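A short worksheet on the structure shown next.
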Amino acid sequence: MASLIRRKYKAKDKAGRVVTKQSPYWYIDYKAADGTRKRIRAFKDKAATAQLAAKLEREAELAQAGIVDKYAEHRSRPLSEHLADFKASLLSKGTTAQHAEITHNRTKAILDACKFAFMADISASKTLQYLAERRRNGLSIKSSNDYLQAAKQFSRWLQADRRMADNPLAYLSGLNVKTDRRHDRRALSTEELARLIEATAKDKRHHKMTGRERALLYLLVAHTGLRAGEAASLTWQLLDLDSPAPTLTVLAAFSKHRREDTLPLRPDLAEQFKSWRIERGESSDAKVFPTFNERKGADMLKMDLEAANIPYQDQAGKYADFHALRHTFISNLDHPDISVKVAQSLARHSSVSLTLDTYTHPKLYSERAALEKLPELPDIDNSQFLSRESRAVALKTGTDDLPVEGRKTVYTPVYKEFAKNAYSDRNGLSSVGIPGDKQANHVGQNSDDDNTLSIVSLGADCNEKSPVDTPSKNKWAGLDSNQRKLTLMGLQPIPFSHSGTDPLNTHTVLRKRIQGAH
């Protein structure tokens, strides 16, 4: 049984006499699960102390029975102790000291601002309120998401390490970064990169690097996609410049995904670095860029961009900082001859979407080339879909239904003049046949000034019904262009003879009539 005790102690009163006093707090003396007696300080209220004593006894009995609250010990520890263990865990699994420090500081900022002292104090709503207040004071959405990510990582670790039963921040998610971009990067064009390299190579020394050193650094990053820290870590032994297929190796300790990577190098770029090493006489373990400060890369590049007359921030508000050189490399991989998976591999990204959505910037000439592949636009004047070649041919041959100008006179296409003369109604001929009152005067006759085609000339009997009068399927079927006659109503079929053959070579007659007309 647990005992409630009020401790007595001796102290001096105001007169300096030693007197016995009683503690204002009640103490609980109980038997723990391991069989030992423990005494803890409880509350000033005796009833609350009795409830706590009953709880401690019950937990001790459950523990002896094998039913243990495994989170009880961790719940009583301050979150500051858990946060220190979390940082040590990050370092133990290979996270860089810089990343571990940033994650620790962001998490601590939330815990302190929200006054989370113990695990039971962690609240998702209070976390959101704190981040919202920070955003109102100028914090970007990207930074807000980074703070939230750090806190969620800490709470996930508490749950995974069996220190907490559930994750109270699990359901929280970040905001849309695209609605509040503060530092979007852009890719340099081929012409801008060439100007940058040329101007930098001739420029004076600054940031402890000569112009040639900086130009070679920009060339390397723009053609390999190295990050600033990876470029600063390079030693000459990591560059295989003598091989027919030169390569560059990034050690796992400096790679963002903590994995050793071997990247291909362009032979012309390898030759430049090979010549530079011979000039400097560097040893294999020497740094390729010994004076390059990765934290000053953006400031250094900004000065060189200004010297090359290239805007650091373009009209769209996008920046060309040091990491923009990596964007330039990955954007140049967006080529029809390079597959998406190869681009992802060279970029060393975990997903294709990261390569395409974040680092690939479409170029203007690529967008124009894409527009050229779209279907032809309709000709508004003629309400027809005509390609450029078709319009040129139609204009040249006079089949565009427009007068052709280019000489002193304007002429109408020959086929239209022929159609007009061949079917003139001066002599009373119609496209279908001859009116009854003129049949007798025209059958078998063709005057010299008559430019029309008579029925006899076509070799057809005027008394025979034409397909226009009585169209039938057996006379229309199987007709090709040589078995039709041109009328004012369009192309009409020439009737077959009973033998099933064309009664007259129509092309020969038409050609003679054309020659006679001219």
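Order determines the names: the first chain of the structure tokens is A, the second B, and so forth; residues in each chain are numbered 1 upward, and ligands are numbered 1 upward as they are shown.
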
Segment 152-220 of chain A near segment 327-343 of chain A within 8 Å: what's each residue's closest atom pair and its distance in Å to one decimal, counting only C-alpha atoms, ordered by chain then ascending residue number, as a Markdown table?
| residue | atom | partner | partner_atom | distance |
| --- | --- | --- | --- | --- |
| A:Arg185 | CA | A:His327 | CA | 7.6 |
| A:Arg186 | CA | A:His327 | CA | 6.8 |
| A:Ala187 | CA | A:Thr328 | CA | 4.3 |
| A:Leu188 | CA | A:Thr328 | CA | 5.6 |
| A:Ser189 | CA | A:Thr328 | CA | 7.6 |

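Closest approach to Gly229 of chain A from the set A:Arg106, A:Arg6, A:Lys296, A:Arg162 is made by A:Lys296, with distances taken over only C-alpha atoms.
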
Find the spatial neighbours of Ala132 of chain A, counting only C-alpha atoms, within a cut-off of 12 Å - ignore same-chain residues fewer than 4 positions away - and output them as a PDB file with all heavy atoms, in the first residue's frame.
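Wrote around13.pdb, looks like this:
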ATOM      1  N   ILE A 110      10.057  26.556 -33.117  1.00  0.00           N
ATOM      2  CA  ILE A 110       8.632  26.255 -32.964  1.00  0.00           C
ATOM      3  C   ILE A 110       8.319  25.820 -31.536  1.00  0.00           C
ATOM      4  O   ILE A 110       7.326  26.263 -30.933  1.00  0.00           O
ATOM      5  CB  ILE A 110       8.204  25.170 -33.966  1.00  0.00           C
ATOM      6  CG1 ILE A 110       8.311  25.709 -35.400  1.00  0.00           C
ATOM      7  CG2 ILE A 110       6.786  24.680 -33.692  1.00  0.00           C
ATOM      8  CD1 ILE A 110       7.934  24.707 -36.465  1.00  0.00           C
ATOM      9  N   SER A 125      -2.576  22.663 -34.042  1.00  0.00           N
ATOM     10  CA  SER A 125      -3.221  23.962 -34.246  1.00  0.00           C
ATOM     11  C   SER A 125      -2.323  25.102 -33.804  1.00  0.00           C
ATOM     12  O   SER A 125      -2.242  26.142 -34.470  1.00  0.00           O
ATOM     13  CB  SER A 125      -4.548  24.005 -33.497  1.00  0.00           C
ATOM     14  OG  SER A 125      -4.342  23.799 -32.108  1.00  0.00           O
ATOM     15  N   LYS A 126      -1.623  24.949 -32.675  1.00  0.00           N
ATOM     16  CA  LYS A 126      -0.720  25.995 -32.223  1.00  0.00           C
ATOM     17  C   LYS A 126       0.456  26.166 -33.176  1.00  0.00           C
ATOM     18  O   LYS A 126       0.937  27.283 -33.403  1.00  0.00           O
ATOM     19  CB  LYS A 126      -0.212  25.681 -30.814  1.00  0.00           C
ATOM     20  CG  LYS A 126      -1.266  25.813 -29.724  1.00  0.00           C
ATOM     21  CD  LYS A 126      -0.664  25.571 -28.347  1.00  0.00           C
ATOM     22  CE  LYS A 126      -1.717  25.746 -27.258  1.00  0.00           C
ATOM     23  NZ  LYS A 126      -1.143  25.498 -25.906  1.00  0.00           N
ATOM     24  N   THR A 127       0.902  25.061 -33.750  1.00  0.00           N
ATOM     25  CA  THR A 127       1.993  25.134 -34.729  1.00  0.00           C
ATOM     26  C   THR A 127       1.569  25.926 -35.961  1.00  0.00           C
ATOM     27  O   THR A 127       2.313  26.771 -36.466  1.00  0.00           O
ATOM     28  CB  THR A 127       2.427  23.717 -35.141  1.00  0.00           C
ATOM     29  OG1 THR A 127       2.834  22.987 -33.975  1.00  0.00           O
ATOM     30  CG2 THR A 127       3.576  23.766 -36.126  1.00  0.00           C
ATOM     31  N   LEU A 128       0.366  25.680 -36.444  1.00  0.00           N
ATOM     32  CA  LEU A 128      -0.147  26.413 -37.610  1.00  0.00           C
ATOM     33  C   LEU A 128      -0.312  27.893 -37.299  1.00  0.00           C
ATOM     34  O   LEU A 128      -0.024  28.760 -38.134  1.00  0.00           O
ATOM     35  CB  LEU A 128      -1.478  25.809 -38.058  1.00  0.00           C
ATOM     36  CG  LEU A 128      -1.423  24.417 -38.699  1.00  0.00           C
ATOM     37  CD1 LEU A 128      -2.815  23.957 -39.070  1.00  0.00           C
ATOM     38  CD2 LEU A 128      -0.527  24.421 -39.925  1.00  0.00           C
ATOM     39  N   ARG A 136       2.715  36.430 -41.730  1.00  0.00           N
ATOM     40  CA  ARG A 136       2.182  37.797 -41.732  1.00  0.00           C
ATOM     41  C   ARG A 136       3.281  38.819 -41.466  1.00  0.00           C
ATOM     42  O   ARG A 136       3.185  39.973 -41.894  1.00  0.00           O
ATOM     43  CB  ARG A 136       1.077  37.940 -40.674  1.00  0.00           C
ATOM     44  CG  ARG A 136      -0.250  37.333 -41.096  1.00  0.00           C
ATOM     45  CD  ARG A 136      -1.365  37.741 -40.153  1.00  0.00           C
ATOM     46  NE  ARG A 136      -1.234  37.123 -38.844  1.00  0.00           N
ATOM     47  CZ  ARG A 136      -1.771  35.959 -38.506  1.00  0.00           C
ATOM     48  NH1 ARG A 136      -2.499  35.294 -39.401  1.00  0.00           N
ATOM     49  NH2 ARG A 136      -1.603  35.462 -37.287  1.00  0.00           N
ATOM     50  N   ASN A 137       4.332  38.392 -40.798  1.00  0.00           N
ATOM     51  CA  ASN A 137       5.450  39.283 -40.513  1.00  0.00           C
ATOM     52  C   ASN A 137       6.542  39.222 -41.569  1.00  0.00           C
ATOM     53  O   ASN A 137       7.642  39.756 -41.362  1.00  0.00           O
ATOM     54  CB  ASN A 137       6.041  38.945 -39.139  1.00  0.00           C
ATOM     55  CG  ASN A 137       5.073  39.272 -38.012  1.00  0.00           C
ATOM     56  OD1 ASN A 137       4.235  40.169 -38.136  1.00  0.00           O
ATOM     57  ND2 ASN A 137       5.177  38.541 -36.910  1.00  0.00           N
ATOM     58  N   GLY A 138       6.266  38.536 -42.695  1.00  0.00           N
ATOM     59  CA  GLY A 138       7.216  38.562 -43.808  1.00  0.00           C
ATOM     60  C   GLY A 138       7.868  37.244 -44.155  1.00  0.00           C
ATOM     61  O   GLY A 138       8.631  37.173 -45.128  1.00  0.00           O
ATOM     62  N   LEU A 139       7.614  36.180 -43.402  1.00  0.00           N
ATOM     63  CA  LEU A 139       8.223  34.885 -43.715  1.00  0.00           C
ATOM     64  C   LEU A 139       7.602  34.336 -45.002  1.00  0.00           C
ATOM     65  O   LEU A 139       6.382  34.351 -45.175  1.00  0.00           O
ATOM     66  CB  LEU A 139       7.994  33.907 -42.561  1.00  0.00           C
ATOM     67  CG  LEU A 139       8.698  32.545 -42.681  1.00  0.00           C
ATOM     68  CD1 LEU A 139      10.202  32.707 -42.521  1.00  0.00           C
ATOM     69  CD2 LEU A 139       8.160  31.568 -41.638  1.00  0.00           C
ATOM     70  N   SER A 140       8.432  33.862 -45.910  1.00  0.00           N
ATOM     71  CA  SER A 140       7.924  33.319 -47.172  1.00  0.00           C
ATOM     72  C   SER A 140       7.274  31.960 -46.947  1.00  0.00           C
ATOM     73  O   SER A 140       7.522  31.278 -45.936  1.00  0.00           O
ATOM     74  CB  SER A 140       9.053  33.182 -48.192  1.00  0.00           C
ATOM     75  OG  SER A 140       9.963  32.165 -47.799  1.00  0.00           O
ATOM     76  N   ILE A 141       6.448  31.562 -47.901  1.00  0.00           N
ATOM     77  CA  ILE A 141       5.794  30.249 -47.813  1.00  0.00           C
ATOM     78  C   ILE A 141       6.830  29.140 -47.882  1.00  0.00           C
ATOM     79  O   ILE A 141       6.707  28.114 -47.200  1.00  0.00           O
ATOM     80  CB  ILE A 141       4.750  30.106 -48.930  1.00  0.00           C
ATOM     81  CG1 ILE A 141       3.570  31.050 -48.662  1.00  0.00           C
ATOM     82  CG2 ILE A 141       4.253  28.673 -49.044  1.00  0.00           C
ATOM     83  CD1 ILE A 141       2.480  30.983 -49.699  1.00  0.00           C
ATOM     84  N   SER A 143       9.936  29.205 -46.751  1.00  0.00           N
ATOM     85  CA  SER A 143      10.562  29.101 -45.426  1.00  0.00           C
ATOM     86  C   SER A 143       9.585  28.535 -44.404  1.00  0.00           C
ATOM     87  O   SER A 143       9.974  27.743 -43.529  1.00  0.00           O
ATOM     88  CB  SER A 143      11.067  30.468 -44.973  1.00  0.00           C
ATOM     89  OG  SER A 143      12.060  30.950 -45.855  1.00  0.00           O
ATOM     90  N   SER A 144       8.314  28.933 -44.489  1.00  0.00           N
ATOM     91  CA  SER A 144       7.304  28.384 -43.580  1.00  0.00           C
ATOM     92  C   SER A 144       7.203  26.866 -43.737  1.00  0.00           C
ATOM     93  O   SER A 144       7.116  26.140 -42.739  1.00  0.00           O
ATOM     94  CB  SER A 144       5.953  29.042 -43.854  1.00  0.00           C
ATOM     95  OG  SER A 144       4.931  28.450 -43.070  1.00  0.00           O
ATOM     96  N   ASN A 145       7.217  26.409 -44.966  1.00  0.00           N
ATOM     97  CA  ASN A 145       7.178  24.959 -45.197  1.00  0.00           C
ATOM     98  C   ASN A 145       8.417  24.270 -44.662  1.00  0.00           C
ATOM     99  O   ASN A 145       8.358  23.134 -44.174  1.00  0.00           O
ATOM    100  CB  ASN A 145       7.032  24.675 -46.691  1.00  0.00           C
ATOM    101  CG  ASN A 145       5.662  25.031 -47.227  1.00  0.00           C
ATOM    102  OD1 ASN A 145       4.729  25.280 -46.457  1.00  0.00           O
ATOM    103  ND2 ASN A 145       5.520  25.060 -48.537  1.00  0.00           N
ATOM    104  N   TYR A 147      10.181  25.186 -42.008  1.00  0.00           N
ATOM    105  CA  TYR A 147      10.010  25.086 -40.550  1.00  0.00           C
ATOM    106  C   TYR A 147       9.050  23.953 -40.199  1.00  0.00           C
ATOM    107  O   TYR A 147       9.299  23.167 -39.268  1.00  0.00           O
ATOM    108  CB  TYR A 147       9.488  26.415 -39.988  1.00  0.00           C
ATOM    109  CG  TYR A 147      10.565  27.421 -39.685  1.00  0.00           C
ATOM    110  CD1 TYR A 147      11.049  28.267 -40.678  1.00  0.00           C
ATOM    111  CD2 TYR A 147      11.108  27.534 -38.413  1.00  0.00           C
ATOM    112  CE1 TYR A 147      12.038  29.198 -40.413  1.00  0.00           C
ATOM    113  CE2 TYR A 147      12.089  28.460 -38.127  1.00  0.00           C
ATOM    114  CZ  TYR A 147      12.564  29.287 -39.139  1.00  0.00           C
ATOM    115  OH  TYR A 147      13.549  30.200 -38.870  1.00  0.00           O
ATOM    116  N   LEU A 148       7.957  23.877 -40.930  1.00  0.00           N
ATOM    117  CA  LEU A 148       6.990  22.817 -40.665  1.00  0.00           C
ATOM    118  C   LEU A 148       7.595  21.441 -40.931  1.00  0.00           C
ATOM    119  O   LEU A 148       7.362  20.492 -40.172  1.00  0.00           O
ATOM    120  CB  LEU A 148       5.747  23.019 -41.535  1.00  0.00           C
ATOM    121  CG  LEU A 148       4.649  21.951 -41.413  1.00  0.00           C
ATOM    122  CD1 LEU A 148       4.128  21.867 -39.994  1.00  0.00           C
ATOM    123  CD2 LEU A 148       3.511  22.242 -42.379  1.00  0.00           C
ATOM    124  N   GLY A 174       2.282  21.365 -46.133  1.00  0.00           N
ATOM    125  CA  GLY A 174       2.775  22.679 -46.512  1.00  0.00           C
ATOM    126  C   GLY A 174       1.844  23.391 -47.482  1.00  0.00           C
ATOM    127  O   GLY A 174       0.922  22.804 -48.052  1.00  0.00           O
ATOM    128  N   LEU A 175       2.105  24.670 -47.664  1.00  0.00           N
ATOM    129  CA  LEU A 175       1.311  25.498 -48.569  1.00  0.00           C
ATOM    130  C   LEU A 175       1.920  25.472 -49.963  1.00  0.00           C
ATOM    131  O   LEU A 175       3.045  25.004 -50.172  1.00  0.00           O
ATOM    132  CB  LEU A 175       1.244  26.928 -48.042  1.00  0.00           C
ATOM    133  CG  LEU A 175       0.656  27.094 -46.636  1.00  0.00           C
ATOM    134  CD1 LEU A 175       0.720  28.551 -46.212  1.00  0.00           C
ATOM    135  CD2 LEU A 175      -0.775  26.590 -46.586  1.00  0.00           C
TER     136      LEU A 175
END

Legend entry - Test item: residues at most 9 Å from Asp321 of chain A, only C-alpha atoms, excluding those fewer than 2 positions along its chain, as JSON, numbers by chain: {"A": [185, 186, 297, 298, 299, 301, 302, 312, 313, 319, 323, 324, 325]}

Inset, instruction - Work out how far apart atom CA of Asp34 of chain A and atom CA of Ala165 of chain A are and give it in Å to one decimal. - result: 24.0 Å

Inset, instruction - Mind listing the helix (DSSP H, G or I) residues of segment 148-355 of chain A, per DSSP on the backbone, as an MDAnalysis selection string? - result: chainID A and resid 148:160 177:180 190:201 211:224 228:232 236:238 267:280 294:307 324:332 340:347 352:355

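The coordinates place atom CA of Ile310 of chain A at 11.9 Å from atom CA of Thr200 of chain A.
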
Inset, instruction - Pick out the residues sitting within 9 Å of segment 272-285 of chain A, and hand them over as a ChimeraX atom specification; count only C-alpha atoms, and ignore anything fewer than 5 positions along from it in its own chain. - result: /A:216,235-238,241-242,267

Could those selected residues go to a file with N, CA and C atoms, as a JSON list (two decimals), in the first residue's frame?
[["chain", "number", "residue", "atom", "x", "y", "z"],
["A", 216, "LEU", "N", 36.61, 28.82, -65.42],
["A", 216, "LEU", "CA", 36.64, 27.35, -65.45],
["A", 216, "LEU", "C", 35.63, 26.77, -64.48],
["A", 235, "THR", "N", 38.94, 17.40, -55.69],
["A", 235, "THR", "CA", 40.40, 17.33, -55.76],
["A", 235, "THR", "C", 40.77, 16.76, -57.12],
["A", 236, "TRP", "N", 42.04, 16.95, -57.52],
["A", 236, "TRP", "CA", 42.46, 16.54, -58.87],
["A", 236, "TRP", "C", 42.38, 15.02, -59.05],
["A", 237, "GLN", "N", 42.50, 14.26, -57.98],
["A", 237, "GLN", "CA", 42.43, 12.81, -58.11],
["A", 237, "GLN", "C", 41.01, 12.32, -58.41],
["A", 238, "LEU", "N", 40.02, 13.20, -58.21],
["A", 238, "LEU", "CA", 38.64, 12.85, -58.52],
["A", 238, "LEU", "C", 38.29, 13.12, -59.98],
["A", 241, "LEU", "N", 41.12, 12.71, -66.25],
["A", 241, "LEU", "CA", 41.24, 13.53, -67.45],
["A", 241, "LEU", "C", 41.99, 12.84, -68.57],
["A", 242, "ASP", "N", 42.69, 11.75, -68.30],
["A", 242, "ASP", "CA", 43.50, 11.07, -69.31],
["A", 242, "ASP", "C", 42.75, 9.96, -70.03],
["A", 267, "PRO", "N", 34.99, 15.84, -73.51],
["A", 267, "PRO", "CA", 36.44, 15.80, -73.79],
["A", 267, "PRO", "C", 37.05, 17.18, -73.93]]

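Proximity to Arg326 of chain A was assessed for A:Met209, A:Ala60, A:Ala347, A:Ala65 counting only C-alpha atoms; the smallest distance is recorded for A:Ala347.
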
Inset, instruction - Can you check which residues of segment 197-392 of chain A DSSP gives as strand (DSSP E) on the backbone and send them as a PyMOL selection string? - result: chain A and resi 239-240+247-250+261-264+378-379+384-385

I need the chosen residues saved as an mmCIF file, in the first residue's frame, with all heavy atoms.
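File part_27.cif, as written:
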data_model
loop_
_atom_site.group_PDB
_atom_site.id
_atom_site.type_symbol
_atom_site.label_atom_id
_atom_site.label_comp_id
_atom_site.auth_asym_id
_atom_site.auth_seq_id
_atom_site.Cartn_x
_atom_site.Cartn_y
_atom_site.Cartn_z
ATOM 1 N N LEU A 239 39.220 13.739 -60.729
ATOM 2 C CA LEU A 239 39.003 14.018 -62.140
ATOM 3 C C LEU A 239 39.861 13.076 -62.976
ATOM 4 O O LEU A 239 41.099 13.102 -62.901
ATOM 5 C CB LEU A 239 39.352 15.466 -62.483
ATOM 6 C CG LEU A 239 38.254 16.524 -62.282
ATOM 7 C CD1 LEU A 239 37.920 16.681 -60.817
ATOM 8 C CD2 LEU A 239 38.684 17.855 -62.875
ATOM 9 N N ASP A 240 39.226 12.216 -63.751
ATOM 10 C CA ASP A 240 39.941 11.312 -64.654
ATOM 11 C C ASP A 240 40.009 11.997 -66.016
ATOM 12 O O ASP A 240 39.102 11.881 -66.840
ATOM 13 C CB ASP A 240 39.205 9.973 -64.752
ATOM 14 C CG ASP A 240 39.966 8.958 -65.583
ATOM 15 O OD1 ASP A 240 41.089 9.279 -66.018
ATOM 16 O OD2 ASP A 240 39.432 7.855 -65.819
ATOM 17 N N THR A 247 35.936 11.434 -66.762
ATOM 18 C CA THR A 247 34.860 11.442 -65.769
ATOM 19 C C THR A 247 35.234 12.326 -64.595
ATOM 20 O O THR A 247 36.388 12.750 -64.434
ATOM 21 C CB THR A 247 34.563 10.018 -65.254
ATOM 22 O OG1 THR A 247 35.761 9.483 -64.655
ATOM 23 C CG2 THR A 247 34.082 9.120 -66.373
ATOM 24 N N LEU A 248 34.244 12.575 -63.765
ATOM 25 C CA LEU A 248 34.394 13.337 -62.534
ATOM 26 C C LEU A 248 33.634 12.598 -61.446
ATOM 27 O O LEU A 248 32.512 12.143 -61.674
ATOM 28 C CB LEU A 248 33.845 14.748 -62.735
ATOM 29 C CG LEU A 248 33.804 15.726 -61.556
ATOM 30 C CD1 LEU A 248 33.903 17.153 -62.069
ATOM 31 C CD2 LEU A 248 32.513 15.580 -60.752
ATOM 32 N N THR A 249 34.219 12.480 -60.257
ATOM 33 C CA THR A 249 33.599 11.744 -59.152
ATOM 34 C C THR A 249 33.265 12.698 -58.006
ATOM 35 O O THR A 249 34.112 13.512 -57.604
ATOM 36 C CB THR A 249 34.524 10.620 -58.644
ATOM 37 O OG1 THR A 249 34.813 9.721 -59.717
ATOM 38 C CG2 THR A 249 33.853 9.850 -57.516
ATOM 39 N N VAL A 250 32.047 12.585 -57.513
ATOM 40 C CA VAL A 250 31.607 13.349 -56.343
ATOM 41 C C VAL A 250 31.512 12.380 -55.175
ATOM 42 O O VAL A 250 30.769 11.390 -55.243
ATOM 43 C CB VAL A 250 30.246 14.024 -56.596
ATOM 44 C CG1 VAL A 250 29.808 14.787 -55.352
ATOM 45 C CG2 VAL A 250 30.325 14.950 -57.797
ATOM 46 N N ASP A 261 28.935 9.616 -56.739
ATOM 47 C CA ASP A 261 28.473 9.720 -58.122
ATOM 48 C C ASP A 261 29.664 9.907 -59.044
ATOM 49 O O ASP A 261 30.600 10.663 -58.731
ATOM 50 C CB ASP A 261 27.514 10.906 -58.294
ATOM 51 C CG ASP A 261 26.243 10.730 -57.475
ATOM 52 O OD1 ASP A 261 25.645 9.653 -57.555
ATOM 53 O OD2 ASP A 261 25.862 11.673 -56.755
ATOM 54 N N THR A 262 29.612 9.237 -60.173
ATOM 55 C CA THR A 262 30.612 9.411 -61.225
ATOM 56 C C THR A 262 29.919 10.009 -62.436
ATOM 57 O O THR A 262 29.011 9.399 -63.004
ATOM 58 C CB THR A 262 31.283 8.085 -61.593
ATOM 59 O OG1 THR A 262 31.934 7.543 -60.431
ATOM 60 C CG2 THR A 262 32.316 8.293 -62.686
ATOM 61 N N LEU A 263 30.354 11.196 -62.833
ATOM 62 C CA LEU A 263 29.699 11.936 -63.906
ATOM 63 C C LEU A 263 30.605 11.989 -65.135
ATOM 64 O O LEU A 263 31.835 12.119 -65.002
ATOM 65 C CB LEU A 263 29.376 13.362 -63.458
ATOM 66 C CG LEU A 263 28.574 13.504 -62.159
ATOM 67 C CD1 LEU A 263 28.412 14.972 -61.806
ATOM 68 C CD2 LEU A 263 27.229 12.837 -62.292
ATOM 69 N N PRO A 264 30.036 11.922 -66.324
ATOM 70 C CA PRO A 264 30.857 12.056 -67.543
ATOM 71 C C PRO A 264 31.270 13.499 -67.770
ATOM 72 O O PRO A 264 30.545 14.431 -67.434
ATOM 73 C CB PRO A 264 29.907 11.567 -68.643
ATOM 74 C CG PRO A 264 28.542 11.840 -68.116
ATOM 75 C CD PRO A 264 28.616 11.668 -66.631
ATOM 76 N N PRO A 378 -6.268 28.246 -90.835
ATOM 77 C CA PRO A 378 -7.153 28.450 -91.985
ATOM 78 C C PRO A 378 -6.903 29.799 -92.639
ATOM 79 O O PRO A 378 -6.533 30.767 -91.978
ATOM 80 C CB PRO A 378 -8.551 28.384 -91.379
ATOM 81 C CG PRO A 378 -8.353 28.778 -89.960
ATOM 82 C CD PRO A 378 -7.003 28.264 -89.574
ATOM 83 N N ASP A 379 -7.080 29.842 -93.974
ATOM 84 C CA ASP A 379 -6.999 31.089 -94.724
ATOM 85 C C ASP A 379 -8.322 31.819 -94.538
ATOM 86 O O ASP A 379 -9.359 31.394 -95.041
ATOM 87 C CB ASP A 379 -6.741 30.791 -96.209
ATOM 88 C CG ASP A 379 -6.445 32.068 -96.982
ATOM 89 O OD1 ASP A 379 -6.956 33.120 -96.577
ATOM 90 O OD2 ASP A 379 -5.721 32.002 -97.987
ATOM 91 N N GLN A 384 -10.347 28.402 -96.270
ATOM 92 C CA GLN A 384 -9.812 27.087 -96.595
ATOM 93 C C GLN A 384 -8.553 26.852 -95.777
ATOM 94 O O GLN A 384 -7.857 27.796 -95.403
ATOM 95 C CB GLN A 384 -9.481 26.974 -98.081
ATOM 96 C CG GLN A 384 -10.706 27.058 -98.994
ATOM 97 C CD GLN A 384 -10.299 27.030 -100.457
ATOM 98 O OE1 GLN A 384 -9.127 27.139 -100.768
ATOM 99 N NE2 GLN A 384 -11.272 26.874 -101.312
ATOM 100 N N PHE A 385 -8.247 25.584 -95.509
ATOM 101 C CA PHE A 385 -7.007 25.221 -94.845
ATOM 102 C C PHE A 385 -5.958 25.020 -95.927
ATOM 103 O O PHE A 385 -6.000 24.024 -96.647
ATOM 104 C CB PHE A 385 -7.169 23.942 -94.023
ATOM 105 C CG PHE A 385 -7.937 24.172 -92.766
ATOM 106 C CD1 PHE A 385 -9.316 24.091 -92.756
ATOM 107 C CD2 PHE A 385 -7.281 24.491 -91.586
ATOM 108 C CE1 PHE A 385 -10.023 24.303 -91.604
ATOM 109 C CE2 PHE A 385 -7.986 24.701 -90.419
ATOM 110 C CZ PHE A 385 -9.356 24.609 -90.421
#

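Near Lys21 of chain A, within 12 Å and counting only C-alpha atoms, sit Arg6, Arg7, Lys8, Tyr9, Lys10, Ala11, Lys12 and Asp13 of chain A, not including residues fewer than 6 positions from it in the same chain.
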
Legend entry - segment 76-88 of chain A environment, 12 Å, only C-alpha atoms, sequence neighbours closer than 6 positions dropped, as an NGL selection string: :A and (70 or 94-112 or 115-122 or 150-151 or 153-164)

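With distances restricted to only C-alpha atoms, A:Ala307 is the closest residue to Arg195 of chain A from A:Ala307, A:Ala320, A:Leu226, A:Ile28.
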